[in-house]
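In what follows, a single structure is set out as structure tokens and then discussed.
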Amino acid sequence: MSDFFTASILVATIASGIRLATPYLFASLGETIGQKSGVLNLGVDGVMLLSAFFGYWTVLERDNLWLAVAVSLVVGLVMGLIYATITVFFHATQGISGIGIFLFGLGFSELMFRRQVGTPLPVDKLPKIEIPLLADIPWLGEALFQHNPLTYAAFLAVPVVVFMLNKTTFGMNVRAVGENPQAADSLGVSVARTRFIAIVIGNTFAGLAGAALVLELGIFQQNLTNGLGFIAVALVYFGAWRPVGVMTGSLLYGLVAATVLQWKAQGIIPRGASDIASMAPAVLTILALILLANRVPAPAALTRPFARH
Amino acid sequence: MNTKHLKRMLAMLFAFTLMAAACGGSDDASSEADEATEESSETGGDESGALSMAIVAPSASEDLAFTQSMIESIEALERDVELQVTDGTFVVEDAAAAIRGYAEEGVEVIVAHGTQFGASLAEIAPEFPETTFIWGTSTDTQGLPNVFAYYPAADQGGYVNGVLAAGVSESGSIGVIGPVEAGDAVAYVNGFAAGAEANGATVNIAYTGSFSDVALMAEAAQAFLANGNDVLTGSSQAVVGAVGVSREAGIPWFGTQANQSSLDPAGVVASQVYHWEVVLEEMLALRDGGTLGGEAYEINLANGGLVIEINPDYPGAADLQATVDETVAAIVDGSITTGG
Amino acid sequence: MTADAPSTTSDSMARSDAPPLLEMRGITKRFPGVIANQDVSFDVRAGEVHTLLGENGAGKSTLMKIVFGLYQQDEGDVLLRGQPIDVSSPSEAIAARIGMVHQHFMLVPTLTVAENVALGIRSERGPLTDLDAVSDRIRELSNSHGLSVDPDVEVWRLSVGERQRVEILKALYRDAELLVLDEPTAVLTPQEVDDLFVILRRMTDEGRGLIFISHKLHEVMALSDRITVLRNGRVTGQTVPSETTREQLAEMMVGREVKLVPDKPAVTTGEPRLAVQNLSVQGDRGAIALHDVSLEILAGEILGVAGVSGNGQRELAEAVAGLRKPEPGASISIDGTDVSLLNTKARRDRGLSYVPEERMKDGAIAEFSVSENLLLVNHDGDDFTRSGLFDFGKIKEHCQALVNRYAVKTPSIETPTSSLSGGNIQKVIMARELTSGPAVLVASQPTRGVDIGSAEYIHEQLVAQRSNGTATLLISEDLDEVLGLSDRIAVMFEGRVVRIVDAADATREGIGLLMAGVTDSAPAG
């Protein structure tokens with residue numbers, strides 16, 4: 001490629017990285033809220049598959065993208081109610097029941113897809129919205145401000161979640177029950193209610209992650225997420241249970257993946273090294289985990305069901 | 001104490017229901033397939049004459065690619081077949097369990113549709129010497145007497161697609177998206193590149209490293225667009241997102257493994273379609289004669305196992321058909337080598 | 001008003017006709033297989049400290065959890081200010097102006113002081129927190145009650161004493177009239193205990209009622225207005241400090257006469273058996289936790305180590321036992337032989353025995369039977385093996401003899417150790433470690449969490465070893481134990497031995513000052 005194209009390629013790569021990062025960001029933000037309250041949810045991928053399918057099906061049947069987003073959100077919310085019920089009220093082991101949710105989401109989304117759709121049919125994608133003025137900034141505007149509304153929503157959700165965790169009573173309760181639920185309980189904070197709401201919010205984010213994925217691609221297929229939800233859980237550790245950290249992790253993952261693809265498309269990465277280069281996003285994320293994760297302890301009550309005495 | 005006990009039981013019950021629902025997904029699907037074949041066997045005549053077959057495949061039956069090609073081929077066989085399907089087993093261990101399950105059940109012919117199942121098959125096949133296993137894509141049977149292997153000469157159809165692509169490209173730059181650098185994907189990609197380059201186009205190739213990452217393939221398509229490629233093709237079931245990108249950009253797409261015209265009725269130019277029934281019939285004939293395996297088969301343009309299907313809705317489809325016929329003839333008579 | 005509740009005590013403190021702040025009548029609480037409280041009656045008046053005294057498992061905590069709404073009683077009534085109440089959750093207790101300072105701090109370390117205080121309180125700003133206002137109020141309360149603490153700092157940065165103050169601030173912030181303090185002094189230095197008592201007295205002066213739960217008899221005598229003693233879930237006595245002694249209280253707790261301070265026969269001390277010189281050791285986090293410690297213990301001598309937990313005592317014990325590598329330049333000698341480079345087994349062969357602090361983690365294997373744990377250290381000796389194989393007849397005989405001699409209460413020697421009580425597990429460990437007649441014994445927290453009866457027995461065994469010429473390094477957070485058993489006392493602070501004093505000259509106050517690092521003024525004795 002000649003030098004002339006370099007800036008435009010860079011813009012395309014950043015835009016691509018942001019698109020890739022969006023579902024990770026939604027999913028890992030939601031997981032952060034849940035884990036802050038002391039509940040690990042390994043079922044994110046399954047919730048994403050379900051919400052992605054039902055969002056896709058909605059567009060297919062009703063041809064209404066915003067209805068589809070709403071349906072995905074509700075699917076996430078309902079899965080949140082289910083997961084919160086089994087973990088908070090039945091004190092189920094979180095790791096196993098999360099995997100149960102994943103398997104359910106994987107199987108049920110596939111079953112519904114076969115029954116109701118069969119062959120993948122393309123549907124409309126979410127439109128790209130150009131932010132007035134900002135989108136006109138040379139290069140930067142194209143890279144950052146010409147995305148679909150869910151991408152903007154995901155990044156705007158970061159300060160919202162920061163505010164919620166740090167400035168609201170609910171957020172304070174979430175941090176308390178994730179760290180020392182006995183202490184919170186002794187002061188009359190309902191551990192069950194706080195965790196329940198945190199899980200439902202977290203899963204609703206997973207629902208939006210599914211919507212972001214499927215409505216960017218405009219098509220559904222079995223196991224569409226391809227393990228994305230599990231990487232999102234890892235990103236929460238990388239991000240040290242902080243929304244900004246989680247955003248950094250998602251962006252890192254997306255941008256590395258986009259850069260690798262770009263280099264492959266340009267022939268910069270020789271074909272023999274292609275498979276090794278494909279591992280770069282995961283490898284970089286794991287490296288970051290190793291370098292950073294030890295310094296920040298997880299919420300002390302993470303994965304521990306709470307019951308008095 | 002009692003309520004605690006009750007709660008724990010309820011929780012277990014709930015978890016169990018979840019698991020059952022998850023497993024139920026594939027059970028229901030295969031029973032659906034059963035119904036379909038049962039219906040056809042009813043019209044086909046006596047039940048006892050039906051051959052029992054099963055397929056274990058890594059992606060969905062309607063993936064518009066690899067798995068669909070085999071399901072459709074089995075359904076196209078000119079004999080009574082009672083088919084059971086376990087699809088979506090992208091985890092090899094799950095596939096191996098399914099293969100063994102069918103063998104223990106006494107299914108006569110089991111199709112292990114995935115190169116990655118070879119190691120499992122090497123363990124399972126010798127334990128069931130009466131059962132015929134059909135495995136691909138592979139160019140050899142691992143020396144197992146009850147295994148037939150199959151392989152598509154995907155480079156041949158790829159070459160034809162490449163020739164067509166060079167013809168429709170204005171910029172002369174064509175993007176090729178591969179999954180993992182292995183199996184028939186490599187053959188297709190190499191054949192396509194040979195065909196396009198022989199006709200003056202520049203071919204850029206990117207493997208995403210995954211057979212199933214739809215989002216990554218879509219972004220690979222975006223990367224090619226950013227670099228000025230104006231025709232795209234790709235292999236594996238994960239291309240559906242990339243076809244979407246191609247459709248949105250309004251540029252031509254070339255398919256392989258199955259007819260992908262439904263994904264972009266205006267943009268898909270042609271698809272190389274696998275018709276495994278050509279070699280499946282030969283294998284089953286050998287089995288009828290008492291030979292349970294030991295041969296490897298290739299589908300290609302010459303034996304009719306590979307067919308280039310032009311999308312009739314694509315502008316100028318008739319002219320393209322002439323090019324296809326000409327190129328196919330040259331490949332069959334050996335005057336063009338496709339690099340496979 | 002049900003004003004004339006009959007007084008069940010012989011106390012002289014009845015001030016008025018007002019009903020008690022809290023009255024519990026005939027409380028019974030059962031758990032499967034256990035009666036935790038049986039027909040317990042107990043009351044607290046405004047302005048008094050009423051102590052609940054009893055051993056672990058006597059039913060104190062259960063009774064207080066009923067007050068705080070964490071448990072429901074099966075029988076009996078709870079009255080608050082004369083009115084029957086039914087508290088079914090902590091939030092109801094808090095609303096009824098009942099506060100509780102738990103034995104294990106109920107604090108969220110990653111939250112600030114203000115956040116910890118504000119938890120569970122409705123914010124003035126609706127869904128948003130109102131921490132500035134909370135911080136202001138905390139400062140006011142700090143000033144008026146002598147509880148200095150910065151409201152805006154995270155709790156994990158605070159010292160133990162400061163954390164205790166946060167707990168009390170939480171109760172004050174909620175304007176608790178009745179405050180339950182569950183073993184609040186367990187982790188404090190004697191000076192911190194004195195400071196705490198001043199704060200608590202100020203609270204009773206304001207008319208609040210306090211329930212003080214403890215098993216430290218001298219603290220109970222110092223602070224209480226009234227004392228109620230529980231044993232096995234029943235009230236075994238109610239009294240006031242002026243009419244009782246520590247010995248009588250102990251007897252009510254245990255049910256028989258108890259020697260709080262063992263009789264120590266005069267022993268002629270011999271040669272130094274343990275000599276430690278210039279010992280420095282790294283702590284778990286890599287920093288030096290023990291600085292340049294030198295000490296000697298003679299045959300027939302007990303050297304007690306006093307100090308607040310975490311000042312290097314554990315590192316000292318583990319370095320002597322061979323579990324922690326000393327820094328270069330140190331020497332540890334047993335009977336004149338330097339063992340500092342030897343492993344644990346080689347040190348044991350030279351006469352070292354070790355009773356570790358974490359008895360279930362380092363002292364015994366929970367899943368093993370009593371007999372297996374008794375054999376752990378000398379299983380490869382010639383005594384119990386025949387041609388490399390265990391001689392089970394001999395083993396059984398030996399273990400049964402030990403169990404009898406050390407009065408271990410166990411159904412059989414094959415019982416899993418984990419099913420024994422803390423006191424009996426400790427007796428198993430003591431039996432194993434003392435049976436060889438060690439030259440040097442390192443005993444860390446030998447009676448922590450152990451009932452008074454077992455503690456008395458363990459103390460007798462330590463004194464018996466002393467008479468046999470063992471040199472004992474006794475590390476304990478229980479200052480009474482150190483003062484009662486030791487011949488000399490080494491006080492540790494921040495990883496150093498700040499002074500070694502003769503036990504005969506030592507006072508609780510003098511040792512307490514040294515434990516806090518104050519060395520200039522105090523002539524310890």
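Here's how to read the names in the structure tokens: chain A, B, ... by the order shown, residue numbers from 1 in each chain, ligand numbers from 1 in the order shown.
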**Message:** Going by DSSP on the backbone, which residues of range 35-240 of chain B come out as alpha helix (DSSP H)? List them as a PyMOL selection string.
**Reply:** chain B and resi 35-44+66-75+92-105+118-124+154-168+183-198+214-226+240
**Message:** So that I can see what lies close to Glu181 in chain B, please list as a ChimeraX atom specification the residues with an atom at most 10 Å from it, counting only C-alpha atoms and leaving out residues fewer than 2 positions away in the same chain.
**Reply:** /A:271-272,274-275 /B:178-179,183-187,189,206-210
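Between CA of Gly55 in chain A and CA of Val123 in chain A the interatomic distance comes to 10.7 Å.
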Hey, list the chain C side of the contact with chain A: 8 Å cut-off, only C-alpha atoms, answer as a short mmCIF file (atom, residue, chain, number, x, y, z; two decimals) with N, CA, C and O atoms, in the first residue's frame.
data_model
loop_
_atom_site.label_atom_id
_atom_site.label_comp_id
_atom_site.auth_asym_id
_atom_site.auth_seq_id
_atom_site.Cartn_x
_atom_site.Cartn_y
_atom_site.Cartn_z
N LEU C 70 -31.02 -11.39 64.24
CA LEU C 70 -30.42 -12.37 63.33
C LEU C 70 -30.99 -13.77 63.58
O LEU C 70 -30.97 -14.61 62.70
N SER C 89 -35.02 -8.63 61.89
CA SER C 89 -33.89 -8.37 60.99
C SER C 89 -33.05 -7.26 61.59
O SER C 89 -33.52 -6.48 62.43
N PRO C 90 -31.79 -7.17 61.17
CA PRO C 90 -30.93 -6.11 61.69
C PRO C 90 -31.52 -4.72 61.45
O PRO C 90 -31.38 -3.84 62.29
N SER C 91 -32.20 -4.54 60.30
CA SER C 91 -32.71 -3.19 60.05
C SER C 91 -33.79 -2.83 61.06
O SER C 91 -33.90 -1.68 61.48
N GLU C 92 -34.57 -3.83 61.48
CA GLU C 92 -35.57 -3.54 62.52
C GLU C 92 -34.89 -3.23 63.84
O GLU C 92 -35.33 -2.36 64.59
N ILE C 94 -31.95 -1.87 64.20
CA ILE C 94 -31.37 -0.54 64.09
C ILE C 94 -32.46 0.52 64.25
O ILE C 94 -32.29 1.52 64.94
N PHE C 105 -15.01 -7.53 62.92
CA PHE C 105 -15.50 -6.24 62.50
C PHE C 105 -16.40 -6.36 61.28
O PHE C 105 -16.09 -7.04 60.32
N MET C 106 -17.52 -5.70 61.33
CA MET C 106 -18.45 -5.69 60.21
C MET C 106 -18.19 -4.45 59.37
O MET C 106 -19.02 -3.54 59.33
N LEU C 107 -17.03 -4.43 58.78
CA LEU C 107 -16.64 -3.26 57.99
C LEU C 107 -16.32 -3.72 56.58
O LEU C 107 -15.86 -4.84 56.37
N VAL C 108 -16.54 -2.84 55.62
CA VAL C 108 -16.17 -3.13 54.23
C VAL C 108 -14.84 -2.42 53.98
O VAL C 108 -14.80 -1.19 53.89
N PRO C 109 -13.75 -3.17 53.90
CA PRO C 109 -12.43 -2.53 53.86
C PRO C 109 -12.21 -1.60 52.67
O PRO C 109 -11.46 -0.63 52.78
N THR C 110 -12.87 -1.89 51.54
CA THR C 110 -12.63 -1.08 50.35
C THR C 110 -13.48 0.19 50.33
O THR C 110 -13.33 1.02 49.44
N LEU C 111 -14.37 0.34 51.30
CA LEU C 111 -15.18 1.55 51.37
C LEU C 111 -14.57 2.52 52.38
O LEU C 111 -13.84 2.11 53.29
N GLU C 115 -18.56 5.97 54.04
CA GLU C 115 -19.42 5.03 53.33
C GLU C 115 -19.85 3.89 54.25
O GLU C 115 -20.99 3.45 54.24
N LEU C 119 -23.83 3.18 55.13
CA LEU C 119 -24.49 1.98 54.58
C LEU C 119 -25.81 1.72 55.29
O LEU C 119 -25.86 1.70 56.52
N GLY C 120 -26.83 1.51 54.51
CA GLY C 120 -28.11 1.13 55.09
C GLY C 120 -28.95 2.30 55.58
O GLY C 120 -30.07 2.11 56.01
N SER C 123 -30.55 8.08 52.23
CA SER C 123 -29.82 9.31 51.93
C SER C 123 -30.78 10.48 51.79
O SER C 123 -31.90 10.33 51.30
N PRO C 127 -31.70 8.82 45.63
CA PRO C 127 -30.87 7.70 45.19
C PRO C 127 -29.36 8.01 45.25
O PRO C 127 -28.55 7.10 45.14
N LEU C 128 -29.01 9.28 45.39
CA LEU C 128 -27.59 9.63 45.41
C LEU C 128 -27.07 9.62 46.85
O LEU C 128 -27.81 9.90 47.78
N THR C 129 -25.78 9.30 46.98
CA THR C 129 -25.21 9.31 48.32
C THR C 129 -25.01 10.75 48.79
O THR C 129 -24.94 11.68 47.99
#
Select residues of chain A: the criterion is any atom within 8 Å of an atom of chain B, counting only C-alpha atoms; output as a compact mmCIF listing (two decimals) with N, CA, C and O atoms, in the first residue's frame.
# COMPACT_ATOMS: atom_id res chain seq x y z
N SER A 8 -6.16 6.88 5.83
CA SER A 8 -7.52 6.36 5.69
C SER A 8 -7.60 4.92 6.19
O SER A 8 -8.60 4.50 6.75
N ILE A 9 -6.53 4.17 6.00
CA ILE A 9 -6.50 2.80 6.52
C ILE A 9 -6.56 2.82 8.04
O ILE A 9 -7.27 2.04 8.67
N ALA A 12 -10.01 3.45 9.12
CA ALA A 12 -10.84 2.27 8.95
C ALA A 12 -10.55 1.24 10.04
O ALA A 12 -11.46 0.57 10.55
N THR A 13 -9.28 1.12 10.41
CA THR A 13 -8.90 0.13 11.42
C THR A 13 -9.46 0.50 12.78
O THR A 13 -9.98 -0.34 13.51
N SER A 16 -13.10 -0.13 12.79
CA SER A 16 -13.33 -1.56 12.87
C SER A 16 -13.13 -2.07 14.30
O SER A 16 -13.92 -2.85 14.81
N LEU A 20 -15.80 -3.91 16.73
CA LEU A 20 -15.54 -5.21 17.36
C LEU A 20 -15.66 -5.10 18.88
O LEU A 20 -16.09 -6.03 19.56
N ILE A 86 -31.81 -18.10 40.85
CA ILE A 86 -31.11 -19.34 41.24
C ILE A 86 -29.87 -19.05 42.09
O ILE A 86 -29.56 -19.81 42.98
N PHE A 90 -31.62 -19.38 45.74
CA PHE A 90 -31.35 -20.80 45.94
C PHE A 90 -29.88 -21.08 46.23
O PHE A 90 -29.48 -22.21 46.36
N HIS A 91 -29.10 -20.00 46.32
CA HIS A 91 -27.68 -20.13 46.69
C HIS A 91 -26.95 -21.15 45.82
O HIS A 91 -26.08 -21.88 46.30
N ALA A 92 -27.31 -21.24 44.54
CA ALA A 92 -26.66 -22.21 43.67
C ALA A 92 -25.19 -21.83 43.47
O ALA A 92 -24.82 -20.66 43.57
N SER A 97 -23.89 -22.86 37.71
CA SER A 97 -25.17 -22.39 37.18
C SER A 97 -24.96 -21.41 36.04
O SER A 97 -25.79 -21.33 35.13
N GLY A 100 -24.60 -23.49 33.16
CA GLY A 100 -25.95 -23.95 32.82
C GLY A 100 -26.68 -22.93 31.96
O GLY A 100 -27.30 -23.27 30.96
N ILE A 101 -26.59 -21.66 32.37
CA ILE A 101 -27.23 -20.59 31.60
C ILE A 101 -26.62 -20.52 30.19
O ILE A 101 -27.32 -20.38 29.19
N LEU A 103 -25.18 -22.98 28.49
CA LEU A 103 -25.62 -24.13 27.68
C LEU A 103 -27.08 -23.96 27.25
O LEU A 103 -27.44 -24.27 26.12
N PHE A 104 -27.88 -23.44 28.18
CA PHE A 104 -29.28 -23.19 27.83
C PHE A 104 -29.37 -22.19 26.68
O PHE A 104 -30.08 -22.40 25.70
N GLY A 105 -28.62 -21.09 26.79
CA GLY A 105 -28.66 -20.06 25.75
C GLY A 105 -28.18 -20.59 24.42
O GLY A 105 -28.79 -20.35 23.37
N LEU A 106 -27.09 -21.37 24.47
CA LEU A 106 -26.53 -21.94 23.24
C LEU A 106 -27.56 -22.86 22.59
O LEU A 106 -27.85 -22.75 21.40
N GLY A 107 -28.12 -23.78 23.38
CA GLY A 107 -29.04 -24.77 22.84
C GLY A 107 -30.35 -24.16 22.42
O GLY A 107 -30.86 -24.44 21.33
N PHE A 108 -30.90 -23.29 23.28
CA PHE A 108 -32.23 -22.77 22.99
C PHE A 108 -32.22 -21.80 21.81
O PHE A 108 -33.13 -21.81 20.98
N GLU A 110 -30.23 -21.96 19.32
CA GLU A 110 -30.06 -22.78 18.12
C GLU A 110 -31.38 -23.45 17.74
O GLU A 110 -31.79 -23.45 16.58
N LEU A 111 -32.05 -24.00 18.77
CA LEU A 111 -33.32 -24.67 18.54
C LEU A 111 -34.35 -23.70 17.92
O LEU A 111 -35.01 -24.02 16.93
N ARG A 114 -33.53 -22.88 14.30
CA ARG A 114 -33.90 -23.96 13.38
C ARG A 114 -35.41 -23.99 13.14
O ARG A 114 -35.88 -24.11 12.03
N GLY A 118 -34.45 -21.35 10.22
CA GLY A 118 -33.86 -22.36 9.34
C GLY A 118 -32.60 -21.86 8.68
O GLY A 118 -31.52 -21.97 9.24
N THR A 119 -32.73 -21.34 7.50
CA THR A 119 -31.57 -20.86 6.77
C THR A 119 -31.29 -19.40 7.12
O THR A 119 -32.22 -18.60 7.19
N PRO A 120 -30.01 -19.04 7.35
CA PRO A 120 -29.72 -17.64 7.69
C PRO A 120 -30.19 -16.71 6.57
O PRO A 120 -29.85 -16.90 5.40
N LEU A 121 -31.01 -15.74 6.96
CA LEU A 121 -31.46 -14.74 6.01
C LEU A 121 -30.95 -13.39 6.46
O LEU A 121 -31.04 -13.08 7.64
N PRO A 122 -30.41 -12.60 5.54
CA PRO A 122 -29.91 -11.30 5.97
C PRO A 122 -31.06 -10.37 6.33
O PRO A 122 -32.13 -10.42 5.73
N LEU A 213 -24.19 -7.07 18.70
CA LEU A 213 -23.49 -8.01 17.81
C LEU A 213 -24.35 -8.33 16.58
O LEU A 213 -23.92 -8.18 15.44
N LEU A 217 -24.11 -7.16 12.44
CA LEU A 217 -23.85 -8.15 11.38
C LEU A 217 -25.04 -8.31 10.44
O LEU A 217 -24.87 -8.67 9.27
N GLY A 218 -26.26 -8.11 10.96
CA GLY A 218 -27.44 -8.26 10.13
C GLY A 218 -27.76 -9.70 9.80
O GLY A 218 -28.47 -9.99 8.84
N ILE A 219 -27.24 -10.63 10.59
CA ILE A 219 -27.54 -12.03 10.34
C ILE A 219 -27.29 -12.82 11.61
O ILE A 219 -26.51 -12.41 12.46
N GLN A 221 -26.65 -16.86 13.28
CA GLN A 221 -26.20 -18.21 12.97
C GLN A 221 -25.97 -18.90 14.31
O GLN A 221 -25.71 -18.21 15.30
N GLN A 222 -26.07 -20.22 14.37
CA GLN A 222 -25.85 -20.89 15.65
C GLN A 222 -24.48 -20.52 16.22
O GLN A 222 -23.51 -20.35 15.48
N ASN A 223 -24.43 -20.36 17.54
CA ASN A 223 -23.19 -19.99 18.23
C ASN A 223 -22.56 -18.73 17.61
O ASN A 223 -21.35 -18.64 17.45
N LEU A 224 -23.40 -17.76 17.32
CA LEU A 224 -22.93 -16.53 16.67
C LEU A 224 -21.84 -15.84 17.49
O LEU A 224 -20.91 -15.24 16.93
N THR A 225 -21.93 -15.92 18.82
CA THR A 225 -20.99 -15.19 19.69
C THR A 225 -19.60 -15.80 19.66
O THR A 225 -18.62 -15.10 19.92
N ASN A 226 -19.53 -17.12 19.40
CA ASN A 226 -18.24 -17.77 19.29
C ASN A 226 -17.38 -17.53 20.54
O ASN A 226 -16.19 -17.24 20.45
N ALA A 258 -8.61 -5.85 15.00
CA ALA A 258 -8.79 -5.11 13.75
C ALA A 258 -7.45 -4.85 13.06
O ALA A 258 -7.34 -4.94 11.83
N LEU A 261 -6.26 -8.02 11.41
CA LEU A 261 -7.01 -8.25 10.17
C LEU A 261 -6.52 -7.33 9.05
O LEU A 261 -6.34 -7.74 7.91
N GLN A 262 -6.33 -6.07 9.41
CA GLN A 262 -5.88 -5.08 8.43
C GLN A 262 -4.52 -5.48 7.85
O GLN A 262 -4.30 -5.44 6.64
N LYS A 264 -3.27 -8.44 7.76
CA LYS A 264 -3.44 -9.62 6.91
C LYS A 264 -3.97 -9.21 5.53
O LYS A 264 -3.48 -9.67 4.50
N ALA A 265 -4.98 -8.32 5.53
CA ALA A 265 -5.58 -7.91 4.26
C ALA A 265 -4.56 -7.22 3.38
O ALA A 265 -4.61 -7.30 2.15
N GLN A 266 -3.60 -6.53 3.99
CA GLN A 266 -2.57 -5.82 3.22
C GLN A 266 -1.37 -6.70 2.91
O GLN A 266 -0.42 -6.25 2.29
N GLY A 267 -1.40 -7.93 3.41
CA GLY A 267 -0.28 -8.82 3.17
C GLY A 267 0.94 -8.52 4.02
O GLY A 267 2.03 -9.04 3.76
N ARG A 271 1.39 -15.23 5.12
CA ARG A 271 0.33 -16.20 5.34
C ARG A 271 0.71 -17.30 6.30
O ARG A 271 -0.12 -17.80 7.04
N SER A 274 -0.16 -16.36 9.77
CA SER A 274 -1.53 -15.90 9.95
C SER A 274 -2.19 -16.44 11.20
O SER A 274 -2.78 -15.70 11.99
N ASP A 275 -2.06 -17.76 11.42
CA ASP A 275 -2.75 -18.36 12.56
C ASP A 275 -2.18 -17.86 13.88
O ASP A 275 -2.90 -17.68 14.86
N SER A 278 -3.48 -14.48 14.60
CA SER A 278 -4.88 -14.50 15.04
C SER A 278 -5.00 -14.59 16.55
O SER A 278 -6.02 -14.24 17.12
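A straight line drawn from CA of Leu172 in chain C to CA of Ile85 in chain C is 21.8 Å long.
The neighbours of Ala157 in chain A here are the residues that come within 9 Å of it, using only C-alpha atoms and leaving out any residue fewer than 5 positions away in the same chain; they are Phe26, Leu29, Tyr152 and Val162 of chain A.
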**Request:** Going by DSSP on the backbone, which bits of range 182-316 of chain C are strand (DSSP E or B)? Write them as an MDAnalysis selection string, please.
**Result:** chainID C and resid 182 209:214 226:231 234:239 272:282 288:298 301:306
**Prompt:** Between B:Thr86, B:Asn190, B:Gln142, B:Ser173, which one has atoms that come closest to Val160 in chain B, using only C-alpha atoms?
**Reply:** B:Asn190
**Prompt:** Can you tell me how far CA of Glu104 in chain B sits from CA of Phe128 in chain B, in Å to one decimal?
**Reply:** 8.1 Å
**Message:** List as a count of residues only the protein and nucleic acid residues near Ala258 in chain B, meaning an atom at most 6 Å away when only C-alpha atoms are counted, but skip any in the same chain fewer than 4 places from it.
**Reply:** 4
